[in-house]
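*Asks:* Below: one structure in structure tokens.
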There are 2 protein chains.
Amino acid sequence: MSSEHKVCFEPYNKEINVKDGTNLIRAAMDAGVHINASCGGEGVCGKCRIHIEEGEVEGGLSERVSQEDIDKGVRLACKANVTGDITVRIPSESIVDESALLKAPPRKTARIQEADLDELKEKGLFLPPIEKFYLELPLPDTQDHLPDVTRLVLHLQIQYEEHRLQLNLDTIRKLPDILREEDFCVTVTLERAVRKKSKTRITNIQPGNTTGRNFSIAIDIGTTTVYGQILDNLTGEVMAQYGVFNGQVSYGEDVISRLVFAEKPGGLDTLHKAVIESINKILTKLVKTAEVACDEISSITLAGNTTMTQLLLKVNPRYIRRAPYVPAATLYPPVRAADLGMNVADHVSALVFPQISSYVGGDIVAGVMGSGMYRTEKLTLFIDIGTNAEIVVGNKDWMACAACSAGPALEGGGIEFGMRAQKGAIEDCSINPVNLEPMNLTIGNVRPKGICGSGLITIAATMFELGIINNQGKFERELDTKRIRDREGIWEFVLAWADETQIGRDITLNEIDIENMIRAKGAIYSGCQTLLDEVGLGMSDIEQILLAGGFGSYIDLEKAMTIGLLPEMDPEKVIYIGNSSLMGAKMSSLTNQIRRDVGDVTVMMTNFELSETPSYMDHYIAALFLPHTDVNLFPKLKARMDENSRLRAEADDNE
Amino acid sequence: MSSEHKVCFEPYNKEINVKDGTNLIRAAMDAGVHINASCGGEGVCGKCRIHIEEGEVEGGLSERVSQEDIDKGVRLACKANVTGDITVRIPSESIVDESALLKAPPRKTARIQEADLDELKEKGLFLPPIEKFYLELPLPDTQDHLPDVTRLVLHLQIQYEEHRLQLNLDTIRKLPDILREEDFCVTVTLERAVRKKSKTRITNIQPGNTTGRNFSIAIDIGTTTVYGQILDNLTGEVMAQYGVFNGQVSYGEDVISRLVFAEKPGGLDTLHKAVIESINKILTKLVKTAEVACDEISSITLAGNTTMTQLLLKVNPRYIRRAPYVPAATLYPPVRAADLGMNVADHVSALVFPQISSYVGGDIVAGVMGSGMYRTEKLTLFIDIGTNAEIVVGNKDWMACAACSAGPALEGGGIEFGMRAQKGAIEDCSINPVNLEPMNLTIGNVRPKGICGSGLITIAATMFELGIINNQGKFERELDTKRIRDREGIWEFVLAWADETQIGRDITLNEIDIENMIRAKGAIYSGCQTLLDEVGLGMSDIEQILLAGGFGSYIDLEKAMTIGLLPEMDPEKVIYIGNSSLMGAKMSSLTNQIRRDVGDVTVMMTNFELSETPSYMDHYIAALFLPHTDVNLFPKLKARMDENSRLRAEADDNE
């Protein structure tokens with residue numbers, strides 16, 4: 001039942017296609033239609049009454065709606081789901097002056113890019129570094145005393161033109177008995193070298209023909225969460241996926257507290273073991289779900305930030321957090337996964353994505369590689385938004401990168417009612433420009449508990465466009481609504497009244513929250529500007545944006561441009577690549593080209609320490625406004641705001 | 001006191017220079033002068049009376065010599081040592097017809113070749129694979145955030161032009177702290193790749209300047225004994241040397257019994273651990289003697305036969321002793337010595353000499369490499385004599401090799417009174433051609449206990465030349481001496497009477513012993529012939545012989561040629577290289593060229609399985625005579641024997 005239905009909103013005559021089962025408030029939000037609704041969708045406030053003129057909806061009933069009204073087609077939008085084509089009339093109390101409303105463009109989230117295997121296959125790049133070959137070797141006899149290894153290598157040359165092969169002692173140890181298990185019929189696992197000129201390794205020998213079973217693991221080691229996928233090397237298919245909290249969370253929530261813990265006696269070992277345990281949990285789940293035997297796994301590719309990588313590899317990360325912030329290494333050699341403590345067969349090697357610097361790590365490199373940024377001619381801006389935001393600008397010919405400390409605001413941290421993007425978080429919002437009543441959309445359509453990052457951006461942008469806050473993020477004190485108030489000297493806007501929430505308190509957004517958000521977006525924007533500046537380019541030169549990280553999948557792009565988090569550009573050119581670290585690890589498991597190219601890419605990427613780049617502070621200070629000191633950087637917004645001013649002036653004149 | 005003295009033997013007027021302290025019987029033997037003496041040198045038989053005409057000797061007194069005789073200068077030669085220039089008159093009872101005697105050339109042992117470091121140094125080949133470099137790195141600062149590894153590698157490039165470097169995770173783990181221990185002043189240990197195109201490995205990092213301390217270990221893993229040397233990589237000097245019994249001896253004396261034991265449950269592991277324990281004993285002793293810290297050892301090079309190598313590396317040797325006798329591998333990759341259980345630092349790699357086949361192993365390859373055979377243009381015959389004799393013929397352009405089962409005769413096995421070359425073994429012998437009285441020389445100049453290999457060869461050759469045995473090794477029954485007798489149907493020659501021995505029994509050599517010896521020498525000689533035959537050459541083409549193994553250092557070369565063990569050639573061209581396995585391991589530790597070349601040499605060496613080479617059996621049967629069916633292969637011997645016959649005929653005529 002993934003069919004779509006047409007919803008027409010009257011009196012605006014606005015049509016939108018939505019998926020079967022879509023909540024009607026969400027449909028309205030996506031259509032850019034405002035309905036008063038601050039309770040987030042549990043029918044508590046009862047404000048979102050609408051009238052179904054044609055068709056039927058599922059639900060939408062409530063004791064707050066009389067039987068008489070029900071019979072007339074009245075429903076609560078927040079409790080109604082679309083199950084067929086309908087026409088909905090917005091009641092007069094929700095109606096906004098149409099001309100004003102239409103200036104706000106409809107909600108636009110980033111196009112989601114899946115790892116594009118078909119493209120790889122077309123280009124002949126779908127060549128997993130691990131391949132299996134079946135051999136029926138001639139038996140040794142009195143005329144042929146070739147040693148076992150020589151026999152194997154010779155026939156790999158003859159039958160498959162595989163040259164420059166090497167095997168380690170473990171493989172040699174297995175060989176004599178396995179060769180004789182099925183009369184010298186064996187399957188050989190080859191692992192291509194990371195370096196082009198290096199040798200191909202024979203990593204495993206199995207009796208009989210097992211070429212049909214060849215699997216890889218891709219792992220993203222996030223500071224908070226570890227995700228894994230099991231891949232079929234023959235098809236590229238993701239057979240299963242699983243995530244767990246990074247076991248290191250018990251020893252500190254963020255990177256810095258992990259670094260501090262690692263310096264305690266035994267701390268490094270504890271953190272190393274904790275993440276290995278998390279990985280092992282994932283491995284257990286993945287092989288079980290995918291119905292794969294543990295020894296059918298041929299390789300593990302991992303990506304994580306610099307600290308996560310050094311903790312994974314048990315390389316003392318002490319100097320990462322001390323000036324001048326030096327990581328141990330950029331490239332790490334492949335290591336035996338079992339030596340790190342992973343529950344896989346001895347022959348499995350673990351390959352870890354290289355680092356650029358202490359704060360631009362393998363997760364970012366994985367994103368650059370996996371997204372194909374390193375192969376495009378388009379001038380690309382890659383942003384992984386988090387407490388530390390990492391930025392890469394460039395294309396296949398050059399790249400510059402930097403990390404900036406954005407602070408946790410965009411993840412809901414340092415915001416009074418901020419929260420992670422979990423159930424009950426206000427993730428989207430529309431405000432009636434006339435009476436300033438909000439329409440809150442929460443994750444899970446439940447009563448609100450707080451505000452998550454994407455909600456924060458949308459609310460701030462909406463308030464800014466409606467003139468509720470000025471370009472410094474301060475409330476217009478004179479506006480006629482009880483929602484704007486001074487609480488103990490701090491001005492705030494009430495998004496939901498206590499009785500509409502899950503927490504029994506008014507959920508508000510205050511000026512300090514907005515200031516924190518402005519600092520965060522300012523740090524990121526000015527980071528991008530600084531990088532471009534250093535290479536003699538400007539924001540307007542950017543041809544596409546790649547957004548990575550947990551944040552970003554549901555962000556309203558126009559709103560993000562409105563607050564000056566992203567440079568202004570066609571939203572079509574913004575691509576959400578999600579967990580870029582996991583995607584990179586996956587793509588690297590499936591195409592050896594990435595593993596070969598990544599060394600060159602790390603050499604090509606110029607890292608800027610923003611704190612030591614003189615222009616950064618100027619850019620940062622200029623970016624501490626909505627959207628920016630220089631509003632000419634945001635011409636579309638400027639035009640919209642000029643138009644809004646004109647409309648507002650007209651309205652005032654009409655009054 | 002290593003001065004030399006001149007000894008003149010009358011009435012032959014034969015002079016010889018001997019070292020101070022040399023036993024007078026040995027001096028006579030080396031001069032080719034016969035003195036009746038069957039007791040081996042304890043003055044028991046009292047037959048070796050001689051008369052000191054000029055000068056003085058030390059000792060030589062006995063209750064068997066009267067004071068009157070002593071005053072006249074009479075001494076027992078076996079108890080007298082040379083301490084100054086002397087003239088010695090042989091008493092009439094020992095005198096042999098001079099003309100006959102002179103036909104037997106003086107004793108000639110092989111020139112001993114020491115590993116020739118000077119030659120390597122001259123040729124610029126003294127380049128140990130392990131080198132150390134001292135670096136004073138610039139400190140990281142706000143303008144220089146290079147990762148630690150990058151900094152190190154960059155400055156190795158800049159300061160020492162070292163390119164293509166790699167390091168493993170263990171080294172990376174150490175780096176951050178060690179760099180900062182002495183303000184980024186460090187010593188880096190580099191290990192050259194075995195393959196020319198492969199990368200140089202950074203194996204260790206130490207704080208400060210430790211370039212003066214750089215040591216290697218060379219190990220020979222013999223079936224019976226394990227020997228080790230500790231080498232100074234800067235000078236090539238052997239700082240200490242030590243040997244122990246191979247701990248595997250408890251589980252079987254020879255290769256075959258080890259192979260059988262390895263198939264028992266846990267057998268392979270037991271044997272593996274036993275040899276590692278032996279190696280560790282040697283390591284402990286070596287580092288203590290040389291006053292080297294364990295972590296100053298940079299590499300270990302080992303050589304052993306194929307079975308010893310597989311047991312060392314814990315590679316199942318099951319198929320070595322089963323037709324068609326297939327070893328697991330020829331080349332083994334370098335492995336971490338600590339992973340094998342050796343008591344050395346983690347960064348030390350163990351390199352094992354490659355094998356050619358199941359019965360031509362790394363000990364032989366080490367000999368070919370270490371002796372320089374693989375670099376000479378001379379057509380060379382390399383023989384390692386033992387129960388299994390390994391033979392290599394060829395030069396720098398081609399080589400053929402084979403192993404033949406000689407049986408233990410030449411090591412004293414299967415000989416009624418045979419023994420190893422230990423104290424009390426008759427190692428040399430002269431026989432009075434007239435009365436057939438022997439002059440026995442024992443190791444340690446003590447009463448005889450038995451006969452060792454070199455003694456066996458000398459006795460058989462002497463008997464053959466004197467016509468005591470015929471070319472089939474059968475005694476001339478008619479000879480007039482009680483020393484030749486039939487004991488329970490087996491003909492034998494009494495070398496020492498019961499009361500002259502340590503064992504209280506007559507020590508004899510019988511026809512079965514001689515037959516066993518003939519089989520042994522026949523197997524070796526025909527092995528050489530077969531190899532040459534297969535490449536279209538003959539014995540007369542051989543330009544030099546390299547003798548390896550414990551056997552051979554004291555072998556009388558002319559005698560070995562007389563029995564047809566060695567092809568006839570100028571004894572000057574026979575070189576004794578001793579423990580060629582240890583020498584090869586040592587040379588390989590000191591010159592990387594050997595490690596690089598050895599792969600090509602193993603490919604170049606053609607292995608012949610003699611049992612499957614049709615001509616071998618013919619050659620073998622022809623070699624079961626003294627010296628050979630075709631006496632024309634031994635022209636010098638033929639001339640000598642013809643002359644002896646003529647002399648004997650003349651003597652008969654004169655009677």
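FYI, nothing fancy with the structure tokens labels: chains A, B, ... in order, residues from 1 per chain, ligands from 1 as they appear.
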Could you list, as a PyMOL selection string, every residue within 8 Å of segment 47-57 of chain B, counting only C-alpha atoms and ignoring same-chain residues fewer than 2 positions away?
*Replies:* chain B and resi 35-38+45+59-60+72-78+80-91+94
*Asks:* Quick check: residues of chain B within 9 Å of chain A, only C-alpha atoms, returned as a ChimeraX atom specification.
*Replies:* /B:140-150,166-170,172-177,197-198,313-319,323-335,356-358,609,612
*Asks:* Using N, CA and C atoms, can you write the selected residues to a file as a compact mmCIF listing (two decimals), in the first residue's frame?
*Replies:*
```
# COMPACT_ATOMS: atom_id res chain seq x y z
N PRO B 140 56.45 19.78 15.99
CA PRO B 140 55.20 20.31 15.43
C PRO B 140 54.86 21.64 16.11
N ASP B 141 54.26 22.53 15.36
CA ASP B 141 53.79 23.77 15.97
C ASP B 141 52.55 24.24 15.23
N THR B 142 52.14 25.47 15.50
CA THR B 142 50.87 25.91 14.92
C THR B 142 50.94 26.01 13.41
N GLN B 143 52.13 26.09 12.85
CA GLN B 143 52.25 26.13 11.40
C GLN B 143 52.55 24.76 10.82
N ASP B 144 52.71 23.76 11.64
CA ASP B 144 53.16 22.44 11.17
C ASP B 144 52.48 21.36 12.00
N HIS B 145 51.34 20.90 11.48
CA HIS B 145 50.54 19.90 12.21
C HIS B 145 50.73 18.51 11.64
N LEU B 146 51.84 18.27 10.97
CA LEU B 146 51.98 16.96 10.34
C LEU B 146 51.72 15.84 11.34
N PRO B 147 50.97 14.84 10.91
CA PRO B 147 50.81 13.66 11.78
C PRO B 147 52.18 13.04 12.05
N ASP B 148 52.29 12.35 13.16
CA ASP B 148 53.59 11.82 13.58
C ASP B 148 54.23 10.94 12.51
N VAL B 149 53.45 10.04 11.94
CA VAL B 149 54.01 9.14 10.92
C VAL B 149 54.48 9.93 9.71
N THR B 150 53.67 10.87 9.28
CA THR B 150 54.02 11.67 8.11
C THR B 150 55.32 12.43 8.35
N GLN B 166 57.17 1.76 4.78
CA GLN B 166 55.89 1.38 5.39
C GLN B 166 56.13 0.98 6.83
N LEU B 167 55.09 1.12 7.64
CA LEU B 167 55.19 0.67 9.03
C LEU B 167 53.91 -0.04 9.41
N ASN B 168 54.03 -0.93 10.34
CA ASN B 168 52.83 -1.66 10.75
C ASN B 168 52.21 -0.99 11.97
N LEU B 169 51.07 -1.53 12.37
CA LEU B 169 50.31 -0.89 13.44
C LEU B 169 51.10 -0.84 14.74
N ASP B 170 51.86 -1.88 15.03
CA ASP B 170 52.63 -1.89 16.28
C ASP B 170 53.59 -0.71 16.33
N ILE B 172 53.34 2.10 14.64
CA ILE B 172 52.55 3.34 14.74
C ILE B 172 52.13 3.56 16.20
N ARG B 173 51.76 2.48 16.86
CA ARG B 173 51.32 2.61 18.25
C ARG B 173 52.41 3.18 19.15
N LYS B 174 53.64 2.79 18.88
CA LYS B 174 54.74 3.26 19.72
C LYS B 174 55.08 4.71 19.44
N LEU B 175 54.91 5.11 18.19
CA LEU B 175 55.50 6.35 17.70
C LEU B 175 55.16 7.59 18.51
N PRO B 176 53.88 7.91 18.76
CA PRO B 176 53.59 9.21 19.40
C PRO B 176 54.37 9.42 20.70
N ASP B 177 54.41 8.45 21.57
CA ASP B 177 55.09 8.64 22.85
C ASP B 177 56.61 8.67 22.69
N LYS B 197 61.46 -4.59 -5.42
CA LYS B 197 60.46 -3.57 -5.66
C LYS B 197 59.56 -3.32 -4.45
N SER B 198 59.70 -4.13 -3.43
CA SER B 198 58.82 -3.95 -2.29
C SER B 198 59.34 -2.84 -1.40
N LEU B 313 58.02 -23.61 11.65
CA LEU B 313 56.94 -22.70 11.29
C LEU B 313 55.56 -23.30 11.59
N LYS B 314 55.57 -24.50 12.11
CA LYS B 314 54.33 -25.21 12.46
C LYS B 314 53.45 -25.41 11.23
N VAL B 315 54.09 -25.83 10.17
CA VAL B 315 53.38 -26.16 8.94
C VAL B 315 53.39 -27.68 8.84
N ASN B 316 52.22 -28.28 8.84
CA ASN B 316 52.08 -29.72 8.83
C ASN B 316 53.01 -30.40 7.82
N PRO B 317 53.96 -31.22 8.29
CA PRO B 317 54.94 -31.83 7.37
C PRO B 317 54.52 -33.21 6.90
N ARG B 318 53.25 -33.54 7.09
CA ARG B 318 52.74 -34.87 6.81
C ARG B 318 53.07 -35.39 5.42
N TYR B 319 53.03 -34.48 4.43
CA TYR B 319 53.17 -34.94 3.04
C TYR B 319 54.62 -35.02 2.58
N ALA B 323 54.78 -40.38 -0.67
CA ALA B 323 54.91 -40.15 -2.12
C ALA B 323 53.74 -39.30 -2.55
N PRO B 324 53.91 -38.36 -3.46
CA PRO B 324 55.17 -38.01 -4.13
C PRO B 324 56.03 -36.96 -3.41
N TYR B 325 56.01 -36.95 -2.11
CA TYR B 325 56.97 -36.15 -1.32
C TYR B 325 56.91 -34.67 -1.64
N VAL B 326 55.79 -34.08 -1.28
CA VAL B 326 55.56 -32.69 -1.62
C VAL B 326 55.68 -31.82 -0.37
N PRO B 327 56.57 -30.83 -0.40
CA PRO B 327 56.62 -29.90 0.73
C PRO B 327 55.50 -28.87 0.62
N ALA B 328 55.24 -28.15 1.70
CA ALA B 328 54.15 -27.17 1.66
C ALA B 328 54.50 -25.98 0.79
N ALA B 329 55.75 -25.56 0.84
CA ALA B 329 56.11 -24.33 0.13
C ALA B 329 57.61 -24.30 -0.10
N THR B 330 58.04 -23.45 -0.97
CA THR B 330 59.48 -23.19 -1.07
C THR B 330 59.80 -21.95 -0.27
N LEU B 331 59.25 -20.82 -0.69
CA LEU B 331 59.52 -19.56 -0.01
C LEU B 331 58.50 -19.33 1.11
N TYR B 332 58.98 -18.90 2.24
CA TYR B 332 58.09 -18.48 3.32
C TYR B 332 58.25 -16.99 3.54
N PRO B 333 57.16 -16.30 3.80
CA PRO B 333 57.28 -14.85 4.05
C PRO B 333 57.98 -14.61 5.39
N PRO B 334 58.58 -13.45 5.57
CA PRO B 334 59.12 -13.13 6.90
C PRO B 334 57.95 -13.13 7.90
N VAL B 335 58.20 -13.67 9.06
CA VAL B 335 57.14 -13.67 10.09
C VAL B 335 57.68 -13.01 11.35
N ILE B 356 63.92 -26.25 -1.51
CA ILE B 356 63.82 -26.64 -2.90
C ILE B 356 62.80 -27.77 -3.06
N SER B 357 62.89 -28.73 -2.19
CA SER B 357 62.00 -29.88 -2.27
C SER B 357 61.92 -30.49 -0.88
N SER B 358 61.23 -31.60 -0.78
CA SER B 358 61.08 -32.22 0.54
C SER B 358 62.41 -32.63 1.15
N GLU B 609 64.45 -35.97 -8.52
CA GLU B 609 64.16 -37.06 -7.62
C GLU B 609 64.92 -38.26 -8.17
N GLU B 612 63.42 -41.44 -9.37
CA GLU B 612 62.62 -41.40 -10.60
C GLU B 612 63.44 -40.99 -11.81
```
*Asks:* Run DSSP on the backbone of this structure and report the residues of segment 262-485 of chain B it assigns to strand (DSSP E or B), as a count of residues only.
*Replies:* 52
*Asks:* Skip Arg336 of chain B itself and residues of its chain fewer than 5 positions away, then list as an NGL selection string all residues within 7 Å of it, counting only C-alpha atoms.
*Replies:* :B and (346-350)
*Asks:* Can you list, as an MDAnalysis selection string, every protein, DNA or RNA residue that comes within 10 Å of segment 236-238 of chain B when you count only C-alpha atoms, leaving out same-chain residues fewer than 3 positions away?
*Replies:* chainID B and resid 117:118 121 126:128 215:218 229:233 241 290 586:587 589:591
*Asks:* Leaving out Arg447 of chain A and any residue of its chain fewer than 2 positions from it, which residues lie within 7 Å of it when counting only C-alpha atoms, given as a ChimeraX atom specification?
*Replies:* /A:39-42,424,445,449,500-502
*Asks:* Could you turn the residues from that selection into a file that holds N, CA, C and O atoms, as a PDB file, in the first residue's frame?
*Replies:*
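Final output, result01.pdb:
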```
ATOM      1  N   CYS A  39      -0.326  21.349  19.510  1.00  0.00           N
ATOM      2  CA  CYS A  39      -0.151  20.222  20.431  1.00  0.00           C
ATOM      3  C   CYS A  39       0.631  19.075  19.810  1.00  0.00           C
ATOM      4  O   CYS A  39       0.919  18.091  20.467  1.00  0.00           O
ATOM      5  N   GLY A  40       0.961  19.201  18.544  1.00  0.00           N
ATOM      6  CA  GLY A  40       1.829  18.198  17.931  1.00  0.00           C
ATOM      7  C   GLY A  40       1.088  16.988  17.425  1.00  0.00           C
ATOM      8  O   GLY A  40       1.702  16.082  16.872  1.00  0.00           O
ATOM      9  N   GLY A  41      -0.228  16.921  17.599  1.00  0.00           N
ATOM     10  CA  GLY A  41      -0.925  15.842  16.929  1.00  0.00           C
ATOM     11  C   GLY A  41      -1.610  14.830  17.808  1.00  0.00           C
ATOM     12  O   GLY A  41      -1.844  13.706  17.402  1.00  0.00           O
ATOM     13  N   GLU A  42      -1.965  15.183  19.018  1.00  0.00           N
ATOM     14  CA  GLU A  42      -2.728  14.221  19.818  1.00  0.00           C
ATOM     15  C   GLU A  42      -4.151  14.695  20.096  1.00  0.00           C
ATOM     16  O   GLU A  42      -4.836  14.168  20.963  1.00  0.00           O
ATOM     17  N   GLY A 424       8.530  12.928  19.796  1.00  0.00           N
ATOM     18  CA  GLY A 424       8.084  14.064  20.592  1.00  0.00           C
ATOM     19  C   GLY A 424       8.850  15.339  20.311  1.00  0.00           C
ATOM     20  O   GLY A 424       8.504  16.402  20.830  1.00  0.00           O
ATOM     21  N   ASN A 445       4.224  12.201  15.660  1.00  0.00           N
ATOM     22  CA  ASN A 445       2.901  12.810  15.836  1.00  0.00           C
ATOM     23  C   ASN A 445       2.359  12.649  17.244  1.00  0.00           C
ATOM     24  O   ASN A 445       1.215  12.247  17.456  1.00  0.00           O
ATOM     25  N   LYS A 449       7.709  17.216  23.303  1.00  0.00           N
ATOM     26  CA  LYS A 449       8.569  17.146  24.483  1.00  0.00           C
ATOM     27  C   LYS A 449       9.652  18.208  24.405  1.00  0.00           C
ATOM     28  O   LYS A 449      10.226  18.617  25.408  1.00  0.00           O
ATOM     29  N   GLU A 500      -0.549  21.212  26.530  1.00  0.00           N
ATOM     30  CA  GLU A 500      -0.476  20.554  25.218  1.00  0.00           C
ATOM     31  C   GLU A 500       0.768  19.673  25.107  1.00  0.00           C
ATOM     32  O   GLU A 500       0.960  18.991  24.101  1.00  0.00           O
ATOM     33  N   THR A 501       1.633  19.700  26.115  1.00  0.00           N
ATOM     34  CA  THR A 501       2.923  19.006  26.001  1.00  0.00           C
ATOM     35  C   THR A 501       2.947  17.703  26.790  1.00  0.00           C
ATOM     36  O   THR A 501       2.027  17.415  27.564  1.00  0.00           O
ATOM     37  N   GLN A 502       4.002  16.972  26.587  1.00  0.00           N
ATOM     38  CA  GLN A 502       4.214  15.763  27.401  1.00  0.00           C
ATOM     39  C   GLN A 502       4.884  16.095  28.718  1.00  0.00           C
ATOM     40  O   GLN A 502       4.916  15.252  29.619  1.00  0.00           O
TER      41      GLN A 502
END
```
*Asks:* Just want the 8 Å neighbourhood of Tyr134 of chain A, counted on only C-alpha atoms, with same-chain residues fewer than 5 positions away dropped. Output as a list in words.
*Replies:*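 The residues that qualify are Cys185, Val186, Thr187, Val188, Gly208, Asn209, Thr210 and Thr211 of chain A.
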*Asks:* For the selection just defined, write its residues with C-alpha atoms to a file, as a PDB file, in the first residue's frame.
*Replies:*
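The result, written out as again_21.pdb:
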```pdb
ATOM      1  CA  CYS A 185      39.648 -28.808  -5.735  1.00  0.00           C
ATOM      2  CA  VAL A 186      39.738 -25.567  -3.779  1.00  0.00           C
ATOM      3  CA  THR A 187      38.395 -22.048  -3.665  1.00  0.00           C
ATOM      4  CA  VAL A 188      40.957 -19.328  -3.211  1.00  0.00           C
ATOM      5  CA  GLY A 208      35.525 -27.345  -2.902  1.00  0.00           C
ATOM      6  CA  ASN A 209      33.710 -24.543  -4.661  1.00  0.00           C
ATOM      7  CA  THR A 210      32.550 -21.741  -2.377  1.00  0.00           C
ATOM      8  CA  THR A 211      32.757 -18.910  -4.895  1.00  0.00           C
TER       9      THR A 211
END
```
*Asks:* From the set B:Gly412, B:Gly32, B:Pro11, B:Gly453, which residue has the shortest atom-to-atom contact distance to Ser430 of chain B, counting only C-alpha atoms?
*Replies:*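 Distance minimum relative to Ser430 of chain B lands on B:Gly32.
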*Asks:* Suppose you want the space between atom CA of Leu546 of chain A and atom CA of Leu381 of chain A; what is it in Å?
*Replies:*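 These two atoms are separated by 6.1 Å.
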*Asks:* Determine which residues of segment 199-274 of chain A DSSP labels as helix (DSSP H, G or I) from the backbone of this structure, then write them out as a PyMOL selection string.
*Replies:* chain A and resi 247-251+255-262+267-274
*Asks:* Taking 5 positions as the minimum chain separation for residues in the same chain, which residues sit within 8 Å of Ala548 of chain B when counting only C-alpha atoms? Answer as a PyMOL selection string.
*Replies:* chain B and resi 367+382-385+576-580
*Asks:* Could I get the residues of segment 538-638 of chain B with an atom no further than 12 Å from an atom of segment 516-526 of chain B, each paired with its nearest atom pair and that distance in Å to one decimal, using only C-alpha atoms, sorted by chain and residue number, as JSON lines?
*Replies:*
```
{"residue": "B:Gly538", "atom": "CA", "partner": "B:Ser526", "partner_atom": "CA", "distance": 11.3}
{"residue": "B:Met539", "atom": "CA", "partner": "B:Tyr525", "partner_atom": "CA", "distance": 9.4}
{"residue": "B:Ala560", "atom": "CA", "partner": "B:Lys521", "partner_atom": "CA", "distance": 9.0}
{"residue": "B:Met561", "atom": "CA", "partner": "B:Lys521", "partner_atom": "CA", "distance": 10.2}
{"residue": "B:Thr562", "atom": "CA", "partner": "B:Lys521", "partner_atom": "CA", "distance": 11.0}
{"residue": "B:Ile563", "atom": "CA", "partner": "B:Lys521", "partner_atom": "CA", "distance": 7.8}
{"residue": "B:Gly564", "atom": "CA", "partner": "B:Lys521", "partner_atom": "CA", "distance": 6.8}
{"residue": "B:Leu565", "atom": "CA", "partner": "B:Lys521", "partner_atom": "CA", "distance": 4.7}
{"residue": "B:Leu566", "atom": "CA", "partner": "B:Tyr525", "partner_atom": "CA", "distance": 6.5}
{"residue": "B:Pro567", "atom": "CA", "partner": "B:Tyr525", "partner_atom": "CA", "distance": 7.5}
{"residue": "B:Glu568", "atom": "CA", "partner": "B:Tyr525", "partner_atom": "CA", "distance": 11.1}
{"residue": "B:Leu610", "atom": "CA", "partner": "B:Ser526", "partner_atom": "CA", "distance": 9.6}
{"residue": "B:Ser611", "atom": "CA", "partner": "B:Ala523", "partner_atom": "CA", "distance": 11.1}
{"residue": "B:Thr613", "atom": "CA", "partner": "B:Ser526", "partner_atom": "CA", "distance": 11.5}
{"residue": "B:Ser615", "atom": "CA", "partner": "B:Ser526", "partner_atom": "CA", "distance": 9.3}
{"residue": "B:Tyr616", "atom": "CA", "partner": "B:Ser526", "partner_atom": "CA", "distance": 6.6}
{"residue": "B:Met617", "atom": "CA", "partner": "B:Ser526", "partner_atom": "CA", "distance": 8.2}
{"residue": "B:Asp618", "atom": "CA", "partner": "B:Ser526", "partner_atom": "CA", "distance": 8.5}
{"residue": "B:His619", "atom": "CA", "partner": "B:Ser526", "partner_atom": "CA", "distance": 5.0}
{"residue": "B:Tyr620", "atom": "CA", "partner": "B:Ser526", "partner_atom": "CA", "distance": 5.0}
{"residue": "B:Ile621", "atom": "CA", "partner": "B:Gly522", "partner_atom": "CA", "distance": 7.7}
{"residue": "B:Ala622", "atom": "CA", "partner": "B:Gly522", "partner_atom": "CA", "distance": 8.1}
{"residue": "B:Ala623", "atom": "CA", "partner": "B:Gly522", "partner_atom": "CA", "distance": 4.7}
{"residue": "B:Leu624", "atom": "CA", "partner": "B:Gly522", "partner_atom": "CA", "distance": 5.4}
{"residue": "B:Phe625", "atom": "CA", "partner": "B:Ile518", "partner_atom": "CA", "distance": 6.9}
{"residue": "B:Leu626", "atom": "CA", "partner": "B:Ile518", "partner_atom": "CA", "distance": 7.5}
{"residue": "B:Pro627", "atom": "CA", "partner": "B:Ile518", "partner_atom": "CA", "distance": 8.9}
{"residue": "B:His628", "atom": "CA", "partner": "B:Gly522", "partner_atom": "CA", "distance": 8.3}
{"residue": "B:Thr629", "atom": "CA", "partner": "B:Gly522", "partner_atom": "CA", "distance": 10.7}
{"residue": "B:Leu633", "atom": "CA", "partner": "B:Tyr525", "partner_atom": "CA", "distance": 11.5}
```
